[in-house]
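*Asks:* Next up is a structure, given as structure tokens.
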Amino acid sequence: MFFGIRGLENLNAWVLSTFLFIVFCGLSSSLYVLNDIIDREKDRAHPKKQFRPIARGAVPVPNALGLGIVLFGLSIWGACYLGSVVFWAVLLYALNNILYTFWLKHWAIVDCMSIAFGFIFRLLAGIYVIGQFPTAWILVCTFFLALFLVFAKRYSELCNTKKFDQRPVLDYYSMPFLRSLLNGTANMAIISYALFTIESDKSSLLIITIPIVFFAIAHYKRLVMVLEKGEEPEVILMKDWKMQVAIALWLVSYFVIEWFNLSTTLY
């Protein structure tokens with residue numbers, strides 16, 4: 001809905017977006033259930049994951065599997081009513097997650113790319129369900145921003161390997177290697193966002209949001225590489241006031257510029 005901001009007055013777009021949100025909630029839940037079933041033995045040795053319902057035995061595996069199958073079936077069935085493009089985006093999202101659960105999470109770099117592609121599939125589904133079309137640069141920006149966040153998570157996990165058992169794929173990463181990946185993906189995310197603001201409208205004021213995006217990414221990098229706080233991105237979003245202010249400024253700026261169609265002649 002956000003990248004199709006001019007369609008916010010369309011009630012049908014709200015209905016379709018809400019329905020797609022429910023579809024993804026159900027689908028994601030089913031995939032999390034599958035992942036928790038597969039990893040239940042390893043989760044029991046983890047200081048935080050050991051409290052998950054399946055890992056601690058609160059929910060029997062057959063019950064969890066049955067719930068997962070029902071949620072998966074209902075979600076795919078619901079996606080059928082949202083158009084062929086949205087259906088395929090949802091289906092590819094599911095397939096990507098299943099491949100990740102069984103195989104891709106064991107391959108360095110590919111594991112992070114798989115997670116990033118999950119964001120792309122969700123973005124495509126969300127844009128197409130309201131009848132909008134994504135620009136190439138917003139897809140590129142989303143991909144590299146997602147990669148940046150995942151590499152940041154891997155970096156923080158690797159920093160804490162002495163504290164408790166970590167995912168096996170971390171054996172194939174190193175701190176210098178992840179630092180280079182963090183720098184590269186951060187740069188690509190900023191550059192692609194800048195190109196998105198330029199390409200979206202020849203005279204758009206969206207370019208004034210570039211410094212906000214730069215600060216947010218640079219600040220997040222500092223939290224990860226200096227303070228080693230990137231293992232739980234959701235915690236950073238909830239507790240770091242600088243990140244909250246940056247996101248709020250970007251949201252308000254983007255909304256106002258797009259909603260009121262503000263522009264300036266640059267050349």
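By order of appearance in the structure tokens: chains A, B, ..., then residues from 1 within every chain, and ligands from 1 in the order shown.
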Let's see if you can do this: from backbone DSSP, list all alpha helix (DSSP H) residues in segment 31-163 of chain A, as a VMD selection string.
*Replies:* chain A and resid 31 to 38 40 to 43 61 to 79 84 to 102 110 to 129 136 to 159
*Asks:* May I have the residues within 7 Å of segment 66-78 of chain A as a VMD selection string, using only C-alpha atoms and disregarding those fewer than 2 positions away in the same chain?
*Replies:* chain A and resid 23 26 to 27 30 33 to 34 62 to 64 80 to 81
*Asks:* Excluding same-chain residues fewer than 5 positions from segment 136-147 of chain A, what lies within 10 Å of it counting only C-alpha atoms, as a VMD selection string?
*Replies:* chain A and resid 3 109 112 to 121 123 to 124 152 to 153 181 to 182 184 to 200 217
*Asks:* May I have the residues within 8 Å of segment 238-247 of chain A as a VMD selection string, using only C-alpha atoms and disregarding those fewer than 2 positions away in the same chain?
*Replies:* chain A and resid 212 to 213 215 to 216 219 to 220 234 to 236 249 to 251
*Asks:* Go ahead and dump the residues you just picked, N, CA and C atoms, as a short mmCIF file (atom, residue, chain, number, x, y, z; two decimals), in the first residue's frame.
*Replies:*
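The resulting file, selection.cif, is reproduced below:
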data_model
loop_
_atom_site.label_atom_id
_atom_site.label_comp_id
_atom_site.auth_asym_id
_atom_site.auth_seq_id
_atom_site.Cartn_x
_atom_site.Cartn_y
_atom_site.Cartn_z
N ILE A 212 18.25 10.70 5.17
CA ILE A 212 17.61 9.95 6.25
C ILE A 212 17.93 8.47 6.13
N VAL A 213 17.83 7.95 4.91
CA VAL A 213 18.14 6.54 4.66
C VAL A 213 19.61 6.26 4.95
N PHE A 215 21.57 7.85 7.06
CA PHE A 215 21.78 7.85 8.51
C PHE A 215 21.28 6.55 9.14
N ALA A 216 20.09 6.11 8.74
CA ALA A 216 19.51 4.90 9.33
C ALA A 216 20.41 3.69 9.10
N HIS A 219 23.77 4.20 11.03
CA HIS A 219 23.56 4.03 12.47
C HIS A 219 23.39 2.55 12.81
N TYR A 220 22.64 1.84 11.97
CA TYR A 220 22.45 0.40 12.21
C TYR A 220 23.78 -0.33 12.11
N GLU A 234 14.47 -6.70 15.46
CA GLU A 234 13.21 -6.21 16.00
C GLU A 234 13.42 -5.50 17.34
N VAL A 235 14.41 -5.95 18.12
CA VAL A 235 14.71 -5.31 19.41
C VAL A 235 15.28 -3.91 19.17
N ILE A 236 16.14 -3.78 18.16
CA ILE A 236 16.70 -2.47 17.82
C ILE A 236 15.59 -1.51 17.44
N LEU A 249 10.76 9.84 10.45
CA LEU A 249 11.02 10.95 9.53
C LEU A 249 10.88 10.50 8.08
N TRP A 250 11.41 9.32 7.78
CA TRP A 250 11.32 8.81 6.40
C TRP A 250 9.87 8.55 6.01
N LEU A 251 9.11 7.91 6.90
CA LEU A 251 7.71 7.60 6.61
C LEU A 251 6.90 8.87 6.37
#
